[in-house]
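Q: Handing over input-v3.txt, compact mmCIF, C-alpha atoms and all ligand atoms.
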# COMPACT_ATOMS: atom_id res chain seq x y z
CA MET A 961 45.59 -25.64 111.05
CA THR A 962 48.09 -22.79 111.26
CA SER A 963 48.40 -21.44 114.77
CA VAL A 964 48.68 -17.75 115.60
CA ALA A 965 52.19 -18.45 116.91
CA GLN A 966 53.21 -19.89 113.54
CA ARG A 967 51.91 -16.86 111.67
CA VAL A 968 53.62 -14.44 114.07
CA SER A 969 56.89 -16.39 113.72
CA ALA A 970 56.64 -16.32 109.94
CA TRP A 971 56.06 -12.58 109.97
CA LEU A 972 58.98 -12.01 112.37
CA ALA A 973 61.23 -14.20 110.24
CA PHE A 974 60.31 -12.20 107.14
CA HIS A 975 60.91 -8.95 109.02
CA THR A 976 64.30 -10.15 110.32
CA LEU A 977 65.26 -11.37 106.86
CA ALA A 978 64.49 -7.90 105.48
CA LYS A 979 66.72 -6.44 108.21
CA LEU A 980 69.47 -8.89 107.26
CA ILE A 981 69.32 -7.86 103.61
CA HIS A 982 69.46 -4.25 104.74
CA SER A 983 72.53 -5.01 106.93
CA LEU A 984 74.23 -6.79 104.03
CA ALA A 985 73.70 -3.76 101.89
CA ARG A 986 75.24 -1.60 104.61
CA TYR A 987 78.12 -4.10 105.01
CA GLY A 988 78.68 -3.78 101.31
CA ALA A 989 78.90 -0.01 101.81
CA LYS A 990 81.47 -0.72 104.59
CA SER A 991 79.53 1.35 107.09
CA GLU A 992 78.96 -1.52 109.64
CA ARG A 993 81.52 -1.48 112.45
CA ARG A 994 81.20 -5.13 113.63
CA PRO A 995 79.74 -6.76 110.55
CA ALA A 996 80.64 -10.43 111.21
CA VAL A 997 79.14 -10.57 114.74
CA SER A 998 76.05 -8.61 113.84
CA LEU A 999 75.37 -10.60 110.68
CA ALA A 1000 75.82 -13.95 112.43
CA ARG A 1001 73.44 -12.93 115.20
CA THR A 1002 70.79 -11.70 112.78
CA LEU A 1003 71.14 -14.81 110.63
CA MET A 1004 70.71 -17.12 113.66
CA MET A 1005 67.62 -15.25 114.80
CA CYS A 1006 66.21 -15.49 111.31
CA ILE A 1007 66.78 -19.27 111.12
CA ALA A 1008 65.24 -19.80 114.57
CA LEU A 1009 62.13 -17.80 113.66
CA LEU A 1010 61.74 -19.58 110.34
CA ALA A 1011 61.96 -22.95 112.13
CA CYS A 1012 59.16 -21.86 114.49
CA SER A 1013 57.00 -20.80 111.56
CA ILE A 1014 57.18 -24.20 109.84
CA PRO A 1015 54.04 -26.21 110.66
CA GLY A 1016 54.84 -29.20 112.85
CA HIS A 1017 57.73 -27.43 114.53
CA SER A 1018 55.57 -25.17 116.64
CA GLN A 1019 54.59 -26.06 120.19
CA SER A 1020 51.07 -27.00 119.19
CA THR A 1021 51.37 -29.93 116.82
CA ARG A 1022 48.88 -29.99 113.94
CA ALA A 1023 46.14 -32.64 113.99
CA ALA A 1024 47.67 -34.20 110.85
CA ASP A 1025 50.96 -34.81 112.65
CA TYR A 1026 49.55 -36.98 115.44
CA LEU A 1027 49.67 -40.74 115.07
CA PHE A 1028 46.21 -41.37 116.50
CA ASN A 1029 43.24 -40.27 118.56
CA ASP A 1030 42.43 -42.57 121.47
CA THR A 1031 38.78 -43.66 121.88
CA HIS A 1032 39.44 -45.65 125.03
CA PHE A 1033 41.60 -44.44 127.89
CA HIS A 1034 41.46 -44.93 131.69
CA LEU A 1035 43.17 -42.26 133.77
CA THR A 1036 42.61 -44.31 136.95
CA ASN A 1037 42.52 -47.99 137.90
CA TYR A 1038 40.27 -50.37 139.90
CA ILE A 1039 41.21 -48.70 143.17
CA GLN A 1040 40.71 -45.22 141.71
CA GLU A 1041 44.40 -44.42 141.59
CA GLY A 1042 46.18 -43.18 138.49
CA ILE A 1043 48.36 -40.56 136.95
CA ASP A 1044 48.14 -36.77 136.99
CA ILE A 1045 46.46 -35.46 133.85
CA HIS A 1046 49.30 -32.95 133.29
CA ASP A 1047 51.78 -35.82 133.29
CA PHE A 1048 49.53 -37.70 130.90
CA LEU A 1049 49.58 -34.75 128.50
CA LYS A 1050 53.36 -35.11 128.38
CA ILE A 1051 52.93 -38.84 127.71
CA MET A 1052 50.51 -38.08 124.83
CA GLY A 1053 53.16 -35.66 123.54
CA THR A 1054 53.06 -35.39 119.77
CA LYS A 1055 51.74 -38.96 119.35
CA ALA A 1056 48.11 -38.82 120.57
CA GLY A 1057 45.99 -35.92 119.38
CA ARG A 1058 42.72 -36.38 121.28
CA VAL A 1059 41.71 -38.81 123.99
CA ALA A 1060 38.33 -40.02 125.32
CA LEU A 1061 39.02 -39.76 129.04
CA PHE A 1062 37.52 -41.77 131.89
CA GLY A 1063 38.31 -43.52 135.12
CA ILE A 1064 36.86 -46.90 136.04
CA PRO A 1065 33.31 -47.00 137.41
CA LEU A 1066 34.06 -49.96 139.65
CA GLN A 1067 36.01 -49.99 142.87
CA GLN A 1068 37.68 -53.15 144.17
CA GLN A 1069 36.82 -53.38 147.83
CA TRP A 1070 39.65 -54.07 150.28
CA SER A 1071 38.04 -56.48 152.67
CA TYR A 1072 40.29 -57.12 155.62
CA ARG A 1073 38.18 -60.18 156.51
CA VAL A 1074 39.08 -61.69 153.12
CA ASP A 1075 42.48 -60.31 152.18
CA GLU A 1076 43.96 -59.18 155.49
CA ASN A 1077 46.94 -56.95 154.66
CA ARG A 1078 47.12 -57.97 150.97
CA ALA A 1079 45.54 -54.77 149.63
CA PRO A 1080 44.13 -55.74 146.19
CA THR A 1081 44.70 -53.37 143.26
CA TYR A 1082 43.00 -55.40 140.50
CA TYR A 1083 39.72 -57.31 140.33
CA LEU A 1084 41.54 -60.60 139.84
CA ASN A 1085 43.56 -60.04 143.06
CA SER A 1086 40.68 -60.73 145.42
CA ASP A 1087 37.40 -62.55 146.07
CA ALA A 1088 35.98 -59.37 147.62
CA PRO A 1089 33.35 -57.64 145.47
CA LEU A 1090 33.47 -54.62 143.18
CA TYR A 1091 31.02 -51.77 143.66
CA TYR A 1092 29.95 -48.74 141.60
CA TYR A 1093 32.04 -45.72 142.53
CA SER A 1094 30.20 -42.60 141.33
CA PHE A 1095 32.84 -40.16 142.57
CA THR A 1096 34.96 -41.13 139.54
CA ASP A 1097 32.98 -38.63 137.44
CA ALA A 1098 33.80 -35.74 139.77
CA TRP A 1099 37.44 -36.84 139.78
CA ILE A 1100 37.65 -36.85 135.97
CA ALA A 1101 35.80 -33.53 135.64
CA THR A 1102 38.11 -31.90 138.20
CA ALA A 1103 41.21 -33.18 136.40
CA TYR A 1104 39.85 -31.85 133.09
CA LYS A 1105 39.02 -28.47 134.61
CA SER A 1106 42.59 -28.09 135.90
CA LEU A 1107 43.78 -27.82 132.26
CA SER A 1108 44.04 -24.73 130.05
CA LYS A 1109 41.42 -24.29 127.31
CA GLU A 1110 43.91 -25.41 124.65
CA GLU A 1111 44.76 -28.55 126.66
CA GLN A 1112 41.08 -29.29 127.35
CA ALA A 1113 40.42 -29.36 123.61
CA ARG A 1114 42.48 -32.57 123.44
CA PHE A 1115 40.12 -34.48 125.78
CA ASP A 1116 36.59 -35.83 125.60
CA PRO A 1117 35.67 -36.73 129.19
CA MET A 1118 33.15 -39.54 129.66
CA ILE A 1119 30.63 -40.24 132.46
CA THR A 1120 30.98 -43.77 133.86
CA GLY A 1121 29.96 -43.75 137.54
CA PHE A 1122 26.46 -45.21 137.21
CA ASN A 1123 24.93 -48.59 137.89
CA PRO A 1124 23.34 -49.80 134.62
CA THR A 1125 20.85 -52.00 136.51
CA ASP A 1126 19.41 -48.98 138.31
CA MET A 1127 16.45 -47.10 136.81
CA TYR A 1128 18.01 -44.01 138.41
CA ALA A 1129 21.23 -44.34 136.34
CA ALA A 1130 19.90 -41.79 133.83
CA ASP A 1131 19.36 -39.34 136.69
CA HIS A 1132 22.97 -39.72 137.76
CA ILE A 1133 24.11 -38.82 134.23
CA ARG A 1134 21.86 -35.75 134.21
CA ARG A 1135 23.20 -34.68 137.62
CA VAL A 1136 26.82 -34.98 136.44
CA LEU A 1137 26.06 -32.83 133.37
CA LYS A 1138 24.44 -30.27 135.64
CA ALA A 1139 27.34 -30.22 138.11
CA PHE A 1140 29.97 -30.02 135.36
CA PRO A 1141 28.46 -28.31 132.30
CA GLY A 1142 30.75 -27.95 129.29
CA VAL A 1143 32.87 -30.95 130.27
CA PHE A 1144 31.50 -34.31 129.11
CA THR A 1145 31.12 -35.74 125.57
CA GLY A 1146 29.93 -39.27 126.28
CA ILE A 1147 29.23 -42.13 128.68
CA GLY A 1148 31.35 -45.24 129.22
CA GLU A 1149 33.25 -47.38 129.09
CA PHE A 1150 30.62 -49.18 131.12
CA SER A 1151 30.13 -52.93 131.14
CA ILE A 1152 27.13 -55.21 130.87
CA HIS A 1153 28.65 -58.66 130.25
CA LYS A 1154 32.37 -58.72 131.01
CA GLU A 1155 34.18 -61.94 131.85
CA PHE A 1156 35.09 -62.28 135.57
CA VAL A 1157 33.83 -58.74 136.30
CA SER A 1158 30.02 -58.88 135.91
CA ALA A 1159 29.63 -61.65 138.50
CA LYS A 1160 31.83 -59.82 141.03
CA ILE A 1161 29.81 -56.61 141.22
CA SER A 1162 27.71 -56.11 144.37
CA GLY A 1163 23.98 -56.34 143.75
CA VAL A 1164 22.14 -57.86 140.80
CA VAL A 1165 24.02 -58.81 137.64
CA ALA A 1166 23.62 -56.48 134.64
CA SER A 1167 21.56 -57.49 131.62
CA LEU A 1168 21.06 -56.32 128.05
CA PHE A 1169 17.29 -56.69 128.60
CA ASP A 1170 17.18 -54.38 131.62
CA PRO A 1171 14.73 -51.45 131.28
CA ALA A 1172 17.24 -49.46 133.37
CA LEU A 1173 19.74 -49.84 130.52
CA ASP A 1174 17.14 -48.72 127.98
CA ARG A 1175 16.27 -45.73 130.11
CA LEU A 1176 19.87 -44.55 130.44
CA ILE A 1177 20.54 -45.06 126.72
CA ASP A 1178 17.37 -43.14 125.85
CA PHE A 1179 18.64 -40.28 127.97
CA ALA A 1180 22.17 -40.38 126.50
CA SER A 1181 20.62 -40.34 122.99
CA GLU A 1182 18.45 -37.34 123.85
CA VAL A 1183 21.55 -35.42 125.03
CA GLY A 1184 23.76 -36.61 122.16
CA LEU A 1185 26.35 -38.37 124.34
CA VAL A 1186 28.56 -41.01 122.69
CA ILE A 1187 27.95 -44.44 124.29
CA LEU A 1188 31.04 -46.63 124.77
CA ILE A 1189 29.72 -50.03 125.85
CA HIS A 1190 31.70 -53.10 126.85
CA ASN A 1191 29.86 -56.33 126.24
CA ASP A 1192 31.50 -59.67 125.50
CA VAL A 1193 29.91 -61.46 122.61
CA ASP A 1194 29.98 -64.77 124.49
CA VAL A 1195 30.49 -66.38 127.90
CA PRO A 1196 34.09 -67.32 128.85
CA PHE A 1197 33.68 -71.08 128.53
CA ALA A 1198 30.97 -71.58 125.95
CA LYS A 1199 29.79 -75.00 124.91
CA PRO A 1200 31.50 -76.00 121.67
CA GLY A 1201 29.33 -75.18 118.68
CA ALA A 1202 26.84 -73.12 120.72
CA GLU A 1203 25.61 -69.80 119.34
CA PRO A 1204 27.49 -66.84 120.92
CA ALA A 1205 25.51 -66.04 124.07
CA TYR A 1206 25.07 -62.29 123.67
CA ALA A 1207 25.35 -61.60 119.92
CA LYS A 1208 21.61 -61.43 119.33
CA GLN A 1209 20.93 -59.56 122.57
CA ILE A 1210 23.35 -56.75 121.85
CA LYS A 1211 22.13 -56.41 118.28
CA ALA A 1212 18.59 -56.10 119.64
CA LEU A 1213 19.78 -53.39 122.04
CA PHE A 1214 21.36 -51.46 119.15
CA LEU A 1215 18.14 -51.81 117.13
CA ARG A 1216 16.00 -50.54 120.02
CA HIS A 1217 18.03 -47.29 120.09
CA PRO A 1218 18.35 -45.94 116.54
CA ASN A 1219 19.14 -42.40 117.74
CA ALA A 1220 22.05 -43.42 119.95
CA THR A 1221 25.71 -43.35 118.91
CA PHE A 1222 27.25 -46.63 120.05
CA ILE A 1223 30.88 -47.67 120.13
CA TRP A 1224 31.14 -51.39 120.89
CA ALA A 1225 34.37 -51.72 122.89
CA HIS A 1226 36.95 -54.33 121.86
CA ILE A 1227 34.67 -55.51 119.00
CA GLY A 1228 33.06 -57.74 121.64
CA VAL A 1229 36.20 -59.74 122.32
CA GLY A 1230 37.52 -60.57 125.81
CA ARG A 1231 40.69 -61.85 127.42
CA ILE A 1232 39.66 -65.46 126.97
CA ILE A 1233 36.57 -64.83 124.85
CA ARG A 1234 38.45 -65.43 121.67
CA PRO A 1235 37.40 -63.84 118.44
CA ILE A 1236 35.51 -66.88 117.40
CA LYS A 1237 35.45 -67.55 113.72
CA GLU A 1238 31.98 -66.05 113.51
CA GLN A 1239 33.10 -62.77 115.13
CA ALA A 1240 34.00 -61.13 111.80
CA ALA A 1241 30.66 -62.32 110.45
CA ILE A 1242 28.80 -60.89 113.49
CA ILE A 1243 30.52 -57.54 113.02
CA GLU A 1244 29.89 -57.45 109.30
CA ASN A 1245 26.28 -58.41 109.91
CA VAL A 1246 25.89 -55.32 112.11
CA ILE A 1247 27.80 -53.09 109.67
CA LYS A 1248 25.74 -54.13 106.67
CA ASP A 1249 22.40 -53.59 108.40
CA PRO A 1250 21.22 -50.11 107.33
CA LYS A 1251 19.28 -49.88 110.61
CA LEU A 1252 22.59 -50.15 112.52
CA SER A 1253 24.59 -47.36 110.89
CA HIS A 1254 24.88 -45.76 114.36
CA VAL A 1255 27.12 -48.57 115.68
CA TYR A 1256 30.93 -48.31 115.62
CA PHE A 1257 33.63 -50.70 116.85
CA ASP A 1258 36.73 -49.94 118.88
CA ILE A 1259 39.77 -52.13 118.32
CA SER A 1260 41.34 -51.16 121.66
CA TRP A 1261 43.11 -53.43 124.17
CA ASP A 1262 46.35 -55.38 123.82
CA GLU A 1263 44.30 -58.59 124.07
CA VAL A 1264 42.39 -57.65 120.90
CA ALA A 1265 45.59 -56.56 119.12
CA LYS A 1266 47.14 -59.89 120.11
CA TYR A 1267 44.37 -61.82 118.32
CA VAL A 1268 44.39 -59.53 115.28
CA VAL A 1269 48.14 -59.80 114.61
CA ALA A 1270 48.44 -63.44 115.79
CA THR A 1271 49.16 -64.74 112.26
CA PRO A 1272 49.61 -63.18 108.80
CA GLU A 1273 46.21 -64.72 107.97
CA SER A 1274 44.38 -63.12 110.94
CA THR A 1275 46.01 -59.73 110.22
CA LYS A 1276 44.98 -59.96 106.58
CA ASN A 1277 41.39 -60.83 107.50
CA ALA A 1278 41.13 -57.92 109.94
CA ALA A 1279 42.70 -55.49 107.45
CA SER A 1280 40.30 -56.62 104.77
CA LEU A 1281 37.32 -55.98 107.11
CA LEU A 1282 38.60 -52.49 108.00
CA ASN A 1283 39.39 -51.64 104.38
CA ARG A 1284 35.87 -52.69 103.34
CA HIS A 1285 34.27 -50.54 106.10
CA PRO A 1286 36.75 -47.78 106.98
CA ASP A 1287 34.10 -45.51 108.53
CA ARG A 1288 33.05 -47.96 111.24
CA PHE A 1289 36.19 -48.67 113.27
CA VAL A 1290 38.07 -46.51 115.75
CA PHE A 1291 41.44 -47.04 117.37
CA GLY A 1292 41.84 -46.95 121.15
CA THR A 1293 44.54 -48.06 123.58
CA ASP A 1294 42.53 -49.16 126.65
CA GLU A 1295 45.60 -48.27 128.67
CA VAL A 1296 45.09 -47.79 132.41
CA ALA A 1297 47.21 -44.99 133.95
CA PRO A 1298 50.38 -45.74 131.92
CA PRO A 1299 53.61 -44.63 133.64
CA ASP A 1300 55.38 -43.51 130.45
CA GLN A 1301 54.99 -43.02 126.70
CA GLU A 1302 56.50 -46.37 125.80
CA LYS A 1303 53.76 -48.18 127.75
CA TYR A 1304 51.10 -45.85 126.36
CA LEU A 1305 52.11 -46.58 122.74
CA LYS A 1306 52.26 -50.34 123.27
CA VAL A 1307 48.94 -51.20 121.62
CA TYR A 1308 49.47 -48.75 118.77
CA ASN A 1309 52.85 -50.33 118.01
CA GLN A 1310 51.42 -53.83 118.43
CA TYR A 1311 49.09 -53.01 115.52
CA GLU A 1312 52.00 -52.13 113.21
CA PRO A 1313 51.38 -55.18 110.93
CA LEU A 1314 47.72 -54.13 110.62
CA TRP A 1315 48.51 -50.46 109.84
CA LYS A 1316 50.75 -51.65 107.00
CA LEU A 1317 47.88 -53.52 105.31
CA LEU A 1318 45.34 -50.70 105.46
CA THR A 1319 44.63 -48.37 102.56
CA PRO A 1320 45.75 -44.78 103.25
CA GLU A 1321 42.07 -43.80 103.56
CA ALA A 1322 41.20 -46.57 106.04
CA SER A 1323 44.34 -45.98 108.08
CA GLU A 1324 43.63 -42.26 108.46
CA LYS A 1325 39.98 -42.81 109.37
CA VAL A 1326 40.55 -45.62 111.88
CA ARG A 1327 43.48 -43.89 113.60
CA LYS A 1328 42.05 -40.34 113.61
CA GLY A 1329 39.27 -39.25 111.29
CA ASN A 1330 36.39 -41.33 112.66
CA TYR A 1331 37.14 -40.27 116.23
CA GLN A 1332 37.12 -36.64 115.18
CA ARG A 1333 33.84 -36.96 113.30
CA ILE A 1334 32.02 -38.91 116.05
CA PHE A 1335 33.26 -36.89 119.01
CA ASP A 1336 33.00 -33.46 117.32
CA GLU A 1337 29.37 -34.19 116.53
CA ALA A 1338 28.74 -35.35 120.12
CA ARG A 1339 30.44 -32.27 121.61
CA ARG A 1340 28.26 -30.01 119.51
CA LYS A 1341 25.04 -31.86 120.47
CA VAL A 1342 25.83 -32.11 124.20
CA ARG A 1343 26.79 -28.42 124.47
CA SER A 1344 23.56 -27.38 122.78
CA TRP A 1345 21.47 -29.73 124.97
CA GLU A 1346 23.17 -28.26 128.06
CA ALA A 1347 22.44 -24.72 126.88
CA ALA A 1348 18.76 -25.56 126.39
CA ASN A 1349 18.16 -27.78 129.42
CA LEU A 1350 20.44 -26.80 132.30
CA LYS A 1351 19.27 -23.61 133.88
ZN ZN B 1401 38.66 -50.28 129.04
Show me this structure written as structure tokens.

A:
Amino acid sequence: MTSVAQRVSAWLAFHTLAKLIHSLARYGAKSERRPAVSLARTLMMCIALLACSIPGHSQSTRAADYLFNDTHFHLTNYIQEGIDIHDFLKIMGTKAGRVALFGIPLQQQWSYRVDENRAPTYYLNSDAPLYYYSFTDAWIATAYKSLSKEEQARFDPMITGFNPTDMYAADHIRRVLKAFPGVFTGIGEFSIHKEFVSAKISGVVASLFDPALDRLIDFASEVGLVILIHNDVDVPFAKPGAEPAYAKQIKALFLRHPNATFIWAHIGVGRIIRPIKEQAAIIENVIKDPKLSHVYFDISWDEVAKYVVATPESTKNAASLLNRHPDRFVFGTDEVAPPDQEKYLKVYNQYEPLWKLLTPEASEKVRKGNYQRIFDEARRKVRSWEAANLK
């Protein structure tokens, strides 16, 4: 993509070069009074303009120059605090092209009765419950709307502030689209089974069988919203040899919703839910099922990266899976309000051994191309649904 600025710079450089040649001719004719100063100035201007006209040196970096697009990013944390989106743009810099943007739908309650003055900031800091915090969607939409059009193009905001056990969850999503048309591309990350989190949420525990979940996914499919779902493939301390608790259930959910676009966060792996030997087989089983071509996998989270690059053998196995199915995996960071670029790039850099083993095609698709394809398609669908349905 050549920007207007690049083309203008190129034209100016050409124009200045022509002037320089003209000046040289005049210098040759000895009619220039201060030839050295004038020539040096013109030459410098010419070089500066040419530099600006070279793709990749302009202010707006080309899509091809970014390292990755990020399918999984939290601007705020479990107490709804985070970083300013303008600061985050600086952190993305020339490394991240586009980012799927969300907060966290759950709020850790500060219960004075339980924690006194130890204000918890993470769900593992306290026995007090988590609760669904719908205002996160307004917060994300407001942050997005504070950006210029060009900056907005680098984000795909996601709706997360719904309770997936509530039959009214779909109505919340509709209401958010109505309040903030032209903003959102997807829903999630939202969690059904997540180690240590599911059991801490106020109210009934979520389930992959819940009609409320089916209803909200039906609605997201109708609109064309991407669905980023977190669901561990197993329970934290499974009985040895037992079948992974949720593998069949989540596959059944995917099969019930053929018109949805699913991204299964963290390929179903958790902090202590290790990528059991069968995990690669479970994933490949989904990938090879022609009825599940609408399911993608994100490889976000430092915990997932840790397992993937644990040994040369594990890295080779993961690379082989990605090389066999390059269209089905997307990179994400799963960073939560990172303070600087070094922290933000941590997971990307952690995957260095994996990147090295991918074919050029797989590497490009997993880091950037698949994101672009999936989210561009969703943007187009959601905008046209909004135009037809929100009056
Ligand atoms: Zn996450």

Q: Select from chain A every residue with an atom at most 10 Å from any atom of ligand ZN 1401 (chain B), then for each give the shortest pair of atoms and their distance in Å to one decimal, using all atoms listed in the file, rows by chain and rising number, as JSON lines.

A:
{"residue": "A:Thr1031", "atom": "CA", "partner": "B:ZN1401", "partner_atom": "ZN", "distance": 9.8}
{"residue": "A:His1032", "atom": "CA", "partner": "B:ZN1401", "partner_atom": "ZN", "distance": 6.2}
{"residue": "A:Phe1033", "atom": "CA", "partner": "B:ZN1401", "partner_atom": "ZN", "distance": 6.6}
{"residue": "A:His1034", "atom": "CA", "partner": "B:ZN1401", "partner_atom": "ZN", "distance": 6.6}
{"residue": "A:Asn1037", "atom": "CA", "partner": "B:ZN1401", "partner_atom": "ZN", "distance": 9.9}
{"residue": "A:Phe1062", "atom": "CA", "partner": "B:ZN1401", "partner_atom": "ZN", "distance": 9.0}
{"residue": "A:Gly1063", "atom": "CA", "partner": "B:ZN1401", "partner_atom": "ZN", "distance": 9.1}
{"residue": "A:Ile1064", "atom": "CA", "partner": "B:ZN1401", "partner_atom": "ZN", "distance": 8.0}
{"residue": "A:Gly1148", "atom": "CA", "partner": "B:ZN1401", "partner_atom": "ZN", "distance": 8.9}
{"residue": "A:Glu1149", "atom": "CA", "partner": "B:ZN1401", "partner_atom": "ZN", "distance": 6.1}
{"residue": "A:Phe1150", "atom": "CA", "partner": "B:ZN1401", "partner_atom": "ZN", "distance": 8.4}
{"residue": "A:Ser1151", "atom": "CA", "partner": "B:ZN1401", "partner_atom": "ZN", "distance": 9.2}
{"residue": "A:Leu1188", "atom": "CA", "partner": "B:ZN1401", "partner_atom": "ZN", "distance": 9.5}
{"residue": "A:Ile1189", "atom": "CA", "partner": "B:ZN1401", "partner_atom": "ZN", "distance": 9.5}
{"residue": "A:His1190", "atom": "CA", "partner": "B:ZN1401", "partner_atom": "ZN", "distance": 7.8}
{"residue": "A:Ala1225", "atom": "CA", "partner": "B:ZN1401", "partner_atom": "ZN", "distance": 7.6}
{"residue": "A:His1226", "atom": "CA", "partner": "B:ZN1401", "partner_atom": "ZN", "distance": 8.4}
{"residue": "A:Ser1260", "atom": "CA", "partner": "B:ZN1401", "partner_atom": "ZN", "distance": 7.9}
{"residue": "A:Trp1261", "atom": "CA", "partner": "B:ZN1401", "partner_atom": "ZN", "distance": 7.3}
{"residue": "A:Gly1292", "atom": "CA", "partner": "B:ZN1401", "partner_atom": "ZN", "distance": 9.1}
{"residue": "A:Thr1293", "atom": "CA", "partner": "B:ZN1401", "partner_atom": "ZN", "distance": 8.3}
{"residue": "A:Asp1294", "atom": "CA", "partner": "B:ZN1401", "partner_atom": "ZN", "distance": 4.7}
{"residue": "A:Glu1295", "atom": "CA", "partner": "B:ZN1401", "partner_atom": "ZN", "distance": 7.2}
{"residue": "A:Val1296", "atom": "CA", "partner": "B:ZN1401", "partner_atom": "ZN", "distance": 7.7}

Q: I need the residues from that last selection saved to file as a CSV table (one decimal), in the frame of the given file (with C-alpha atoms), if you can.

A:
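This is the output file out_28.csv:
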chain,number,residue,atom,x,y,z
A,1031,THR,CA,38.8,-43.7,121.9
A,1032,HIS,CA,39.4,-45.6,125.0
A,1033,PHE,CA,41.6,-44.4,127.9
A,1034,HIS,CA,41.5,-44.9,131.7
A,1037,ASN,CA,42.5,-48.0,137.9
A,1062,PHE,CA,37.5,-41.8,131.9
A,1063,GLY,CA,38.3,-43.5,135.1
A,1064,ILE,CA,36.9,-46.9,136.0
A,1148,GLY,CA,31.4,-45.2,129.2
A,1149,GLU,CA,33.2,-47.4,129.1
A,1150,PHE,CA,30.6,-49.2,131.1
A,1151,SER,CA,30.1,-52.9,131.1
A,1188,LEU,CA,31.0,-46.6,124.8
A,1189,ILE,CA,29.7,-50.0,125.8
A,1190,HIS,CA,31.7,-53.1,126.8
A,1225,ALA,CA,34.4,-51.7,122.9
A,1226,HIS,CA,37.0,-54.3,121.9
A,1260,SER,CA,41.3,-51.2,121.7
A,1261,TRP,CA,43.1,-53.4,124.2
A,1292,GLY,CA,41.8,-47.0,121.2
A,1293,THR,CA,44.5,-48.1,123.6
A,1294,ASP,CA,42.5,-49.2,126.6
A,1295,GLU,CA,45.6,-48.3,128.7
A,1296,VAL,CA,45.1,-47.8,132.4

Q: Rounded to one decimal in Å, what is the spacing between CA of Ser1106 in chain A and CA of Ile1045 in chain A?

A: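 Taking CA of Ser1106 in chain A as the start and CA of Ile1045 in chain A as the end point, the length is 8.6 Å.
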
Q: Distance CA of Lys1351 in chain A-CA of His1217 in chain A, one decimal place?

A: 27.4 Å

Q: I'd like the contact shell of Arg1340 in chain A - 12 Å cut-off, all atoms listed in the file, skipping same-chain residues fewer than 4 positions apart - returned as an NGL selection string.

A: :A and (1116 or 1142-1146 or 1183-1186 or 1332-1336 or 1344-1347)

Q: List as an MDAnalysis selection string the protein and nucleic acid residues near Trp1315 in chain A, meaning an atom at most 10 Å away when all atoms listed in the file are counted, but skip any in the same chain fewer than 6 places from it.

A: chainID A and resid 1275 1279 1308:1309 1322:1324 1326:1327

Q: I need the chosen residues saved as a PDB file, in the frame of the given file, with C-alpha atoms.

A:
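For reference, part19.pdb as written:
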ATOM      1  CA  THR A1275      46.010 -59.730 110.220  1.00  0.00           C
ATOM      2  CA  ALA A1279      42.700 -55.490 107.450  1.00  0.00           C
ATOM      3  CA  TYR A1308      49.470 -48.750 118.770  1.00  0.00           C
ATOM      4  CA  ASN A1309      52.850 -50.330 118.010  1.00  0.00           C
ATOM      5  CA  ALA A1322      41.200 -46.570 106.040  1.00  0.00           C
ATOM      6  CA  SER A1323      44.340 -45.980 108.080  1.00  0.00           C
ATOM      7  CA  GLU A1324      43.630 -42.260 108.460  1.00  0.00           C
ATOM      8  CA  VAL A1326      40.550 -45.620 111.880  1.00  0.00           C
ATOM      9  CA  ARG A1327      43.480 -43.890 113.600  1.00  0.00           C
TER      10      ARG A1327
END

Q: Would you mind listing what lies within 12 Å of Leu1281 in chain A as a list in words, with all atoms listed in the file counted and same-chain residues fewer than 3 positions away left out?

A: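 Answer for this query is Gln1239, Ala1240, Ala1241, Ile1242, Ile1243, Glu1244, Asn1245, Ile1247, Lys1248, Phe1257, Val1268, Ser1274, Thr1275, Lys1276, Asn1277, Ala1278, Arg1284, His1285, Pro1286, Asp1287, Arg1288, Phe1289, Leu1314, Leu1317, Leu1318, Thr1319, Ala1322 and Val1326 of chain A.
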
Q: Contacts of Asp1170 in chain A at 12 Å or less, counting only C-alpha atoms, minus same-chain residues fewer than 3 places along, as a CSV table (one decimal) with C-alpha atoms, keeping the file's coordinate frame?

A:
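Output saved as result.csv:
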chain,number,residue,atom,x,y,z
A,1123,ASN,CA,24.9,-48.6,137.9
A,1124,PRO,CA,23.3,-49.8,134.6
A,1125,THR,CA,20.8,-52.0,136.5
A,1126,ASP,CA,19.4,-49.0,138.3
A,1127,MET,CA,16.4,-47.1,136.8
A,1129,ALA,CA,21.2,-44.3,136.3
A,1152,ILE,CA,27.1,-55.2,130.9
A,1164,VAL,CA,22.1,-57.9,140.8
A,1165,VAL,CA,24.0,-58.8,137.6
A,1166,ALA,CA,23.6,-56.5,134.6
A,1167,SER,CA,21.6,-57.5,131.6
A,1173,LEU,CA,19.7,-49.8,130.5
A,1174,ASP,CA,17.1,-48.7,128.0
A,1175,ARG,CA,16.3,-45.7,130.1
A,1176,LEU,CA,19.9,-44.6,130.4
A,1177,ILE,CA,20.5,-45.1,126.7
A,1209,GLN,CA,20.9,-59.6,122.6
A,1210,ILE,CA,23.4,-56.8,121.8
A,1213,LEU,CA,19.8,-53.4,122.0

Q: Tell me which of A:Phe1156, A:Trp1099, A:Tyr1267, A:Trp1070 sits closest to Thr1036 in chain A, counting all atoms listed in the file.

A: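 For Thr1036 in chain A, the nearest of the candidates is A:Trp1099.
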
Q: State, in Å with one decimal place, the distance from CA of Gly1230 in chain A to CA of Asp1192 in chain A.

A: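 Value for the CA of Gly1230 in chain A-CA of Asp1192 in chain A distance: 6.1 Å.
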
Q: Determine the nearest neighbour of Leu1049 in chain A from the options A:Glu1312, A:Glu1111, A:Asp1194, A:Asp1087, counting all atoms listed in the file.

A: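 Smallest separation from Leu1049 in chain A among the options: A:Glu1111.
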